[in-house]
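The structure file model-v2.txt is reproduced below (compact mmCIF, C-alpha atoms).
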# COMPACT_ATOMS: atom_id res chain seq x y z
CA MET A 225 202.11 140.54 159.76
CA ARG A 226 202.54 142.07 163.19
CA HIS A 227 205.83 141.72 165.01
CA GLY A 228 204.84 142.68 168.54
CA ARG A 229 205.48 146.11 169.97
CA THR A 230 207.63 148.61 168.09
CA ASP A 231 209.51 151.67 169.24
CA ASP A 232 208.50 155.26 168.56
CA GLU A 233 209.78 155.05 164.98
CA GLY A 234 207.91 151.82 164.22
CA PHE A 235 211.09 149.74 164.31
CA THR A 236 211.14 146.28 165.95
CA PRO A 237 214.61 145.64 167.39
CA ASP A 238 216.44 142.35 167.13
CA PRO A 239 216.42 140.70 170.59
CA ARG A 240 220.00 139.59 169.99
CA ASP A 241 220.98 143.25 170.29
CA LEU A 242 219.14 143.74 173.59
CA THR A 243 220.01 142.92 177.17
CA ASP A 244 217.82 140.57 179.19
CA GLY A 245 216.35 143.57 180.95
CA GLU A 246 215.49 145.32 177.69
CA ILE A 247 213.81 142.20 176.33
CA LEU A 248 211.77 141.77 179.51
CA GLU A 249 210.81 145.45 179.42
CA ARG A 250 209.46 145.17 175.89
CA LEU A 251 207.52 142.04 176.80
CA SER A 252 206.14 143.88 179.84
CA ASP A 253 204.92 146.70 177.57
CA GLY A 254 202.78 144.06 175.87
CA GLY A 255 201.41 142.65 179.13
CA ILE A 256 203.85 139.79 179.68
CA GLU A 257 205.25 140.42 183.18
CA ILE A 258 207.99 137.87 183.87
CA THR A 259 211.44 137.47 185.37
CA ILE A 260 214.19 135.29 183.95
CA ASP A 261 213.33 132.61 186.53
CA ASP A 262 209.68 132.82 185.45
CA PHE A 263 210.74 132.51 181.84
CA LYS A 264 212.83 129.41 182.54
CA ALA A 265 209.99 127.75 184.41
CA GLU A 266 207.48 128.51 181.64
CA ALA A 267 209.96 127.38 179.00
CA MET A 268 210.58 124.05 180.69
CA LYS A 269 206.83 123.41 180.86
CA ALA A 270 206.27 124.39 177.22
CA GLY A 271 209.13 122.25 175.92
CA SER A 272 210.17 124.41 172.97
CA PRO A 273 210.38 128.09 171.93
CA GLU A 274 207.67 127.46 169.36
CA MET A 275 205.23 126.10 171.93
CA LEU A 276 205.94 128.87 174.43
CA ALA A 277 205.45 131.57 171.79
CA GLY A 278 202.15 129.99 170.81
CA ASN A 279 201.00 129.83 174.43
CA TRP A 280 201.84 133.47 175.14
CA ALA A 281 200.39 134.71 171.85
CA TYR A 282 197.12 132.98 172.78
CA MET A 283 197.12 134.48 176.28
CA TYR A 284 198.28 137.96 175.24
CA LYS A 285 196.42 138.79 172.04
CA GLU A 286 198.65 141.76 171.21
CA TRP A 287 201.50 139.43 170.28
CA SER A 288 202.13 137.30 167.20
CA ALA A 289 203.83 133.90 167.48
CA ASP A 290 205.15 133.91 163.91
CA GLU A 291 208.82 133.01 163.61
CA ASP A 292 209.74 136.52 162.48
CA SER A 293 207.83 138.18 165.32
CA PHE A 294 209.51 139.90 168.26
CA LEU A 295 207.80 137.51 170.67
CA TYR A 296 209.22 134.38 169.06
CA SER A 297 212.65 135.97 168.56
CA ALA A 298 212.75 137.17 172.18
CA ILE A 299 211.79 133.76 173.52
CA PHE A 300 214.34 132.10 171.26
CA GLU A 301 217.10 134.47 172.38
CA LEU A 302 216.32 134.09 176.10
CA TRP A 303 216.16 130.33 175.62
CA ARG A 304 219.52 130.33 173.92
CA ARG A 305 221.10 132.41 176.68
CA HIS A 306 219.60 130.64 179.69
CA LEU A 307 218.52 127.15 178.63
CA GLY A 308 220.82 126.28 175.74
CA TYR A 309 222.45 123.43 177.62
CA GLU A 310 219.73 122.65 180.15
CA LYS A 311 216.87 122.19 177.67
CA ARG A 312 218.04 121.27 174.20
CA THR A 313 215.55 121.66 171.36
CA PRO A 314 215.93 121.17 167.59
CA GLU A 315 215.39 124.90 167.03
CA ILE A 316 218.18 125.93 169.39
CA VAL A 317 220.67 123.34 168.18
CA ALA A 318 219.86 124.12 164.53
CA GLU A 319 220.58 127.79 165.18
CA PHE A 320 223.99 126.81 166.52
CA ILE A 321 225.02 124.90 163.40
CA ASP A 322 223.56 127.60 161.15
CA ASP A 323 225.73 130.15 162.93
CA ILE A 324 228.84 127.99 162.37
CA PHE A 325 227.90 127.52 158.72
CA ASN A 326 227.44 131.25 158.17
CA THR A 327 230.73 132.08 159.88
CA TYR A 328 232.53 129.61 157.64
CA GLU A 329 230.85 130.78 154.45
CA GLU A 330 231.26 134.50 155.09
CA SER A 331 234.84 134.56 156.35
CA PRO A 332 237.59 135.60 153.94
CA GLU A 333 240.00 133.57 156.08
CA ALA A 334 238.44 130.19 155.26
CA ASN A 335 241.78 128.77 154.13
CA GLU A 336 243.71 129.71 157.26
CA GLN A 337 244.55 126.92 159.66
CA TYR A 338 243.76 128.88 162.80
CA PHE A 339 240.35 129.78 161.38
CA LEU A 340 239.63 126.13 160.59
CA LEU A 341 240.69 125.14 164.09
CA ASN A 342 238.14 127.62 165.44
CA ILE A 343 235.47 126.10 163.21
CA TYR A 344 236.50 122.64 164.42
CA GLU A 345 236.13 123.65 168.08
CA ARG A 346 232.65 125.01 167.38
CA VAL A 347 231.68 121.83 165.53
CA ARG A 348 232.92 119.83 168.51
CA GLU A 349 230.73 121.94 170.79
CA PHE A 350 227.83 121.32 168.41
CA TYR A 351 228.46 117.58 168.58
CA HIS A 352 228.35 117.61 172.37
CA LYS A 353 225.00 119.37 172.22
CA LEU A 354 223.75 116.30 170.36
CA LEU A 355 224.65 113.82 173.09
CA LYS A 356 222.21 112.44 175.61
CA GLU A 357 222.95 112.49 179.33
CA ASP A 358 224.49 109.01 179.09
CA GLY A 359 226.88 110.23 176.37
CA SER A 360 225.16 108.39 173.51
CA PRO A 361 224.28 110.28 170.30
CA ASP A 362 220.75 111.70 170.16
CA VAL A 363 219.85 110.65 166.62
CA ASP A 364 216.26 111.87 166.94
CA LEU A 365 217.43 115.37 167.86
CA TYR A 366 219.82 115.40 164.91
CA ASN A 367 217.08 114.33 162.52
CA ASP A 368 214.58 116.84 163.92
CA MET A 369 217.00 119.66 163.13
CA THR A 370 216.29 119.22 159.42
CA TRP A 371 213.00 121.03 159.99
CA TYR A 372 214.67 124.06 161.52
CA ALA A 373 218.17 124.46 160.08
CA ARG A 374 218.34 127.00 157.27
CA ASN A 375 221.37 125.32 155.69
CA ASP A 376 222.37 121.85 154.55
CA PHE A 377 224.21 121.02 157.75
CA ASP A 378 224.77 117.36 156.80
CA GLY A 379 226.50 118.46 153.59
CA PHE A 380 228.45 121.10 155.50
CA LEU A 381 229.67 118.55 158.05
CA LEU A 382 230.73 116.24 155.22
CA SER A 383 232.78 119.00 153.58
CA ILE A 384 234.63 120.23 156.67
CA PRO A 385 236.83 117.12 157.19
CA HIS A 386 238.27 117.46 153.69
CA GLU A 387 239.05 121.14 154.28
CA LEU A 388 240.71 120.31 157.59
CA SER A 389 242.76 117.50 156.09
CA ARG A 390 244.02 119.76 153.28
CA HIS A 391 245.52 121.96 155.98
CA GLY A 392 247.22 119.14 157.87
CA LEU A 393 244.51 118.80 160.52
CA THR A 394 244.00 115.07 160.06
CA ASP A 395 243.05 114.21 163.64
CA GLN A 396 240.37 116.88 163.65
CA ALA A 397 239.05 115.72 160.27
CA VAL A 398 238.84 112.11 161.42
CA ASN A 399 237.11 113.10 164.65
CA ILE A 400 234.33 114.93 162.81
CA GLY A 401 233.84 112.03 160.43
CA ARG A 402 233.51 109.51 163.21
CA TRP A 403 231.36 111.71 165.45
CA PHE A 404 228.74 112.42 162.85
CA SER A 405 228.73 108.94 161.37
CA GLU A 406 227.01 108.04 164.66
CA LEU A 407 224.27 110.60 164.05
CA SER A 408 223.73 110.73 160.31
CA GLY A 409 221.24 108.56 158.48
CA GLN A 410 224.01 107.92 155.95
CA PRO A 411 227.05 107.04 158.09
CA GLN A 412 228.82 105.48 155.11
CA ASN A 413 229.38 108.93 153.61
CA PHE A 414 231.37 110.09 156.63
CA LEU A 415 233.29 106.84 157.05
CA ARG A 416 234.31 106.38 153.41
CA ASP A 417 235.70 109.91 153.49
CA THR A 418 237.53 109.10 156.71
CA ALA A 419 239.32 106.20 155.01
CA CYS A 420 240.46 108.50 152.19
CA ILE A 421 241.60 111.21 154.60
CA LEU A 422 243.70 108.75 156.57
CA ALA A 423 245.23 107.38 153.37
CA ASP A 424 246.00 110.88 152.07
CA ALA A 425 247.78 111.61 155.35
CA GLY A 426 249.90 108.46 154.99
CA ARG A 427 248.40 106.86 158.08
CA ARG A 428 248.48 103.45 156.48
CA GLU A 429 247.43 101.11 159.26
CA GLU A 430 244.53 103.30 160.37
CA ALA A 431 243.39 103.68 156.77
CA LEU A 432 243.47 99.93 156.17
CA ILE A 433 241.45 99.29 159.32
CA GLN A 434 238.87 101.89 158.32
CA ILE A 435 238.63 100.48 154.80
CA GLU A 436 238.07 96.97 156.13
CA GLU A 437 235.44 98.17 158.58
CA ASN A 438 233.64 100.09 155.83
CA ILE A 439 233.61 97.12 153.45
CA ILE A 440 232.25 94.80 156.12
CA ARG A 441 229.60 97.26 157.23
CA PHE A 442 228.53 98.58 153.81
CA PRO A 443 229.34 95.83 151.27
CA GLU A 444 226.62 96.92 148.84
CA GLU A 445 227.41 100.65 148.85
CA MET A 446 229.07 101.48 145.52
CA TRP A 447 230.75 104.67 146.74
CA VAL A 448 232.20 102.86 149.76
CA ILE A 449 233.85 100.45 147.33
CA ILE A 450 235.02 103.24 145.00
CA ASN A 451 236.55 105.22 147.86
CA ALA A 452 238.19 102.08 149.20
CA GLY A 453 239.90 101.94 145.82
CA ASP A 454 240.79 105.63 146.06
CA ALA A 455 242.34 105.10 149.48
CA MET A 456 244.32 102.08 148.29
CA TYR A 457 245.50 104.04 145.26
CA ASN A 458 246.81 106.82 147.50
CA LEU A 459 248.54 104.25 149.70
CA GLY A 460 250.37 102.93 146.63
CA GLU A 461 248.43 99.66 146.58
CA LYS A 462 247.57 99.79 142.89
CA GLU A 463 246.49 96.15 142.54
CA SER A 464 244.10 96.49 145.46
CA ALA A 465 242.79 99.75 144.01
CA GLU A 466 242.11 98.01 140.69
CA ARG A 467 240.28 95.21 142.47
CA TYR A 468 237.97 97.65 144.24
CA PHE A 469 237.34 99.70 141.09
CA LEU A 470 236.46 96.55 139.13
CA ARG A 471 234.15 95.48 141.95
CA ALA A 472 232.45 98.88 141.84
CA LYS A 473 232.20 98.60 138.04
CA ASN A 474 229.97 95.59 138.50
CA MET A 475 227.74 97.58 140.89
CA VAL A 476 227.03 100.65 138.78
CA VAL A 477 223.47 101.42 137.72
CA THR A 478 223.61 104.78 135.95
CA LYS A 479 225.80 105.91 133.07
CA SER A 480 227.29 108.67 135.20
CA ASP A 481 228.31 106.18 137.91
CA HIS A 482 229.80 103.97 135.22
CA MET A 483 231.83 106.93 133.97
CA VAL A 484 233.14 107.67 137.48
CA VAL A 485 234.55 104.15 137.79
CA LEU A 486 235.89 103.98 134.24
CA GLU A 487 237.79 107.24 134.64
CA ARG A 488 239.50 105.87 137.72
CA LEU A 489 240.45 102.67 135.94
CA LEU A 490 241.74 104.63 132.94
CA ASP A 491 243.96 106.78 135.17
CA LEU A 492 245.26 103.67 136.91
CA TYR A 493 246.04 101.72 133.74
CA ARG A 494 247.74 104.69 132.11
CA GLU A 495 249.90 105.21 135.19
CA LEU A 496 250.87 101.53 135.23
CA GLY A 497 251.57 101.52 131.50
CA MET A 498 248.90 98.91 130.79
CA LYS A 499 248.09 100.14 127.30
CA ASP A 500 245.83 97.25 126.28
CA ARG A 501 243.65 97.58 129.37
CA ALA A 502 243.60 101.35 129.02
CA LYS A 503 242.42 100.99 125.42
CA VAL A 504 239.53 98.74 126.50
CA ILE A 505 238.45 101.33 129.07
CA GLU A 506 238.78 104.16 126.54
CA ASN A 507 236.40 102.30 124.23
CA GLU A 508 233.93 101.76 127.07
CA ILE A 509 234.04 105.47 127.87
CA LYS A 510 233.41 106.37 124.22
CA ALA A 511 230.42 104.00 124.17
CA LEU A 512 228.87 105.87 127.08
CA ASP A 513 228.89 109.07 125.02
CA LEU A 514 229.35 111.27 128.11
CA PRO A 515 231.84 114.13 128.55
CA LEU A 516 234.92 113.40 130.61
CA ARG A 517 234.80 115.14 133.97
CA ASN A 518 237.46 116.39 136.33
CA ASN A 519 238.25 113.32 138.39
CA ASN A 520 237.18 114.06 141.97
CA ARG A 521 238.08 111.05 144.02
CA ASN A 522 235.90 112.11 146.94
CA SER A 523 232.75 113.08 145.06
Before anything else, please render the file you have as structure tokens.
Amino acid sequence: MRHGRTDDEGFTPDPRDLTDGEILERLSDGGIEITIDDFKAEAMKAGSPEMLAGNWAYMYKEWSADEDSFLYSAIFELWRRHLGYEKRTPEIVAEFIDDIFNTYEESPEANEQYFLLNIYERVREFYHKLLKEDGSPDVDLYNDMTWYARNDFDGFLLSIPHELSRHGLTDQAVNIGRWFSELSGQPQNFLRDTACILADAGRREEALIQIEENIIRFPEEMWVIINAGDAMYNLGEKESAERYFLRAKNMVVTKSDHMVVLERLLDLYRELGMKDRAKVIENEIKALDLPLRNNNRNS
């Protein structure tokens, strides 16, 4: 596969390491004579880096439009520098969240509060890239990113609030949960976690409101009910927790889901000293013939 023009040693540089002028010079060597203003005009007409690369590769046969080619990479980099806010595309926005993901995964400082605050600020910037001009969430843009993002950004965004909350950054954790519940195809996952995070932080009234909203909005979602029980448990409302766990018990379909609920009930009854009820649950667990797991209340 060709990657456009190479230097004297046959090496194709990464456009991210080049200045605008150096990128334009290399494009000029291959017959594409443009200025930054020309590029912006052509980009706006094409609509996406992929389309513009395809157009130029067709016009200038020396170039390849493949995603690992210099042409595509150069267009992508110029687009990011000069049109990142003016002309949002799934490719550009996906690159932004991939960069955040990689920074988080590769940093040895992932448990430091200041590092997490930096990640939070970048996630907030990412969120604002996903808003339309009227301030409403652009769900279509968010969904289209799944074709371009190299990482599981939905899973990443679900994990970050828990990490923030463990370091005392409750407001930031709640913000992320509520922002992306507006964009995700599974908003219940963000909102059930938000209820637990508020409860863990001792923010009782806010947690109760979130639990009630979740139950009303997602009454048939088993994990919403389970996590409502988790939140109540952490608030010290053991009777309410039992009620939610028993409700979830009647909703389970798989043996593994059944085990998740039974383990919570067993912990609860043992803590409350309800030996008879605990024994009933122990027998139900034995009947499932599944290994006990580490109880993760936010799984």
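Proximity of A:Ile433, A:Val476, A:Met268, A:Met283 to His306 of chain A, computed with all atoms listed in the file, is greatest for A:Met268.
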### Task
Quick one: residues within 12 Å of (245.0, 117.4, 161.5) (file frame), counting all atoms listed in the file, please, as a ChimeraX atom specification.
/A:337-338,340-341,344,384-400,421-422,424-425,427
### Task
Show which residues sit within 10 Å of Asp238 of chain A, as a PyMOL selection string. Count only C-alpha atoms, and ignore same-chain residues fewer than 3 positions away.
chain A and resi 235+241-242+247+293-294+297-298+301
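In this model, the gap between atom CA of Val504 of chain A and atom CA of Glu487 of chain A comes to 11.9 Å.
Between atom CA of Met369 of chain A and atom CA of Pro314 of chain A there is a distance of 4.8 Å.
Nearest-residue note for Ser464 of chain A: choosing from A:Asp513, A:Glu345, A:Gly497, A:Leu489, the minimum distance belongs to A:Leu489, counting only C-alpha atoms.
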### Message
Could you list, as a PyMOL selection string, every residue within 8 Å of Asp378 of chain A, counting only C-alpha atoms and ignoring same-chain residues fewer than 3 positions away?
### Response
chain A and resi 381-382+408
Specify the axis-aligned box that encloses all atoms of segment 360-378 of chain A listed in the file after padding of 8 Å on each side, stating its centre and edge lengths in Å to one decimal as AutoDock Vina command-line options.
--center_x 219.1 --center_y 117.7 --center_z 164.0 --size_x 28.2 --size_y 34.6 --size_z 35.0
Can you give me N, CA and C atoms for segment 390-419 of chain A, written as a tab-separated table (two decimals), keeping the file's coordinate frame?
chain	number	residue	atom	x	y	z
A	390	ARG	N	243.16	119.04	154.24
A	390	ARG	CA	244.02	119.76	153.28
A	390	ARG	C	244.98	120.71	153.97
A	391	HIS	N	244.65	121.05	155.22
A	391	HIS	CA	245.52	121.96	155.98
A	391	HIS	C	246.26	121.23	157.10
A	392	GLY	N	246.41	119.92	156.94
A	392	GLY	CA	247.22	119.14	157.87
A	392	GLY	C	246.53	118.80	159.18
A	393	LEU	N	245.24	119.04	159.27
A	393	LEU	CA	244.51	118.80	160.52
A	393	LEU	C	243.78	117.46	160.44
A	394	THR	N	244.57	116.40	160.30
A	394	THR	CA	244.00	115.07	160.06
A	394	THR	C	243.21	114.56	161.25
A	395	ASP	N	243.76	114.70	162.45
A	395	ASP	CA	243.05	114.21	163.64
A	395	ASP	C	241.67	114.86	163.76
A	396	GLN	N	241.63	116.16	163.55
A	396	GLN	CA	240.37	116.88	163.65
A	396	GLN	C	239.39	116.40	162.58
A	397	ALA	N	239.90	116.19	161.37
A	397	ALA	CA	239.05	115.72	160.27
A	397	ALA	C	238.46	114.35	160.58
A	398	VAL	N	239.29	113.47	161.09
A	398	VAL	CA	238.84	112.11	161.42
A	398	VAL	C	237.82	112.14	162.56
A	399	ASN	N	238.06	112.99	163.54
A	399	ASN	CA	237.11	113.10	164.65
A	399	ASN	C	235.72	113.47	164.15
A	400	ILE	N	235.64	114.49	163.31
A	400	ILE	CA	234.33	114.93	162.81
A	400	ILE	C	233.65	113.81	162.03
A	401	GLY	N	234.41	113.13	161.19
A	401	GLY	CA	233.84	112.03	160.43
A	401	GLY	C	233.25	110.94	161.31
A	402	ARG	N	233.98	110.59	162.34
A	402	ARG	CA	233.51	109.51	163.21
A	402	ARG	C	232.38	109.96	164.13
A	403	TRP	N	232.45	111.21	164.60
A	403	TRP	CA	231.36	111.71	165.45
A	403	TRP	C	230.03	111.66	164.71
A	404	PHE	N	230.03	112.24	163.52
A	404	PHE	CA	228.74	112.42	162.85
A	404	PHE	C	228.29	111.19	162.07
A	405	SER	N	229.18	110.22	161.91
A	405	SER	CA	228.73	108.94	161.37
A	405	SER	C	227.77	108.27	162.36
A	406	GLU	N	227.90	108.61	163.64
A	406	GLU	CA	227.01	108.04	164.66
A	406	GLU	C	225.63	108.68	164.64
A	407	LEU	N	225.52	109.84	164.03
A	407	LEU	CA	224.27	110.60	164.05
A	407	LEU	C	223.55	110.61	162.71
A	408	SER	N	224.31	110.58	161.64
A	408	SER	CA	223.73	110.73	160.31
A	408	SER	C	222.97	109.48	159.88
A	409	GLY	N	221.96	109.68	159.07
A	409	GLY	CA	221.24	108.56	158.48
A	409	GLY	C	222.03	107.89	157.37
A	410	GLN	N	223.14	108.50	156.97
A	410	GLN	CA	224.01	107.92	155.95
A	410	GLN	C	225.45	107.90	156.47
A	411	PRO	N	225.71	107.06	157.47
A	411	PRO	CA	227.05	107.04	158.09
A	411	PRO	C	228.15	106.66	157.12
A	412	GLN	N	227.81	105.91	156.07
A	412	GLN	CA	228.82	105.48	155.11
A	412	GLN	C	229.50	106.66	154.43
A	413	ASN	N	228.78	107.77	154.26
A	413	ASN	CA	229.38	108.93	153.61
A	413	ASN	C	230.52	109.51	154.44
A	414	PHE	N	230.33	109.58	155.75
A	414	PHE	CA	231.37	110.09	156.63
A	414	PHE	C	232.54	109.11	156.72
A	415	LEU	N	232.24	107.83	156.81
A	415	LEU	CA	233.29	106.84	157.05
A	415	LEU	C	234.13	106.54	155.81
A	416	ARG	N	233.51	106.59	154.62
A	416	ARG	CA	234.31	106.38	153.41
A	416	ARG	C	235.27	107.55	153.20
A	417	ASP	N	234.81	108.75	153.56
A	417	ASP	CA	235.70	109.91	153.49
A	417	ASP	C	236.84	109.79	154.50
A	418	THR	N	236.52	109.27	155.67
A	418	THR	CA	237.53	109.10	156.71
A	418	THR	C	238.65	108.19	156.23
A	419	ALA	N	238.30	107.11	155.53
A	419	ALA	CA	239.32	106.20	155.01
A	419	ALA	C	240.24	106.94	154.04
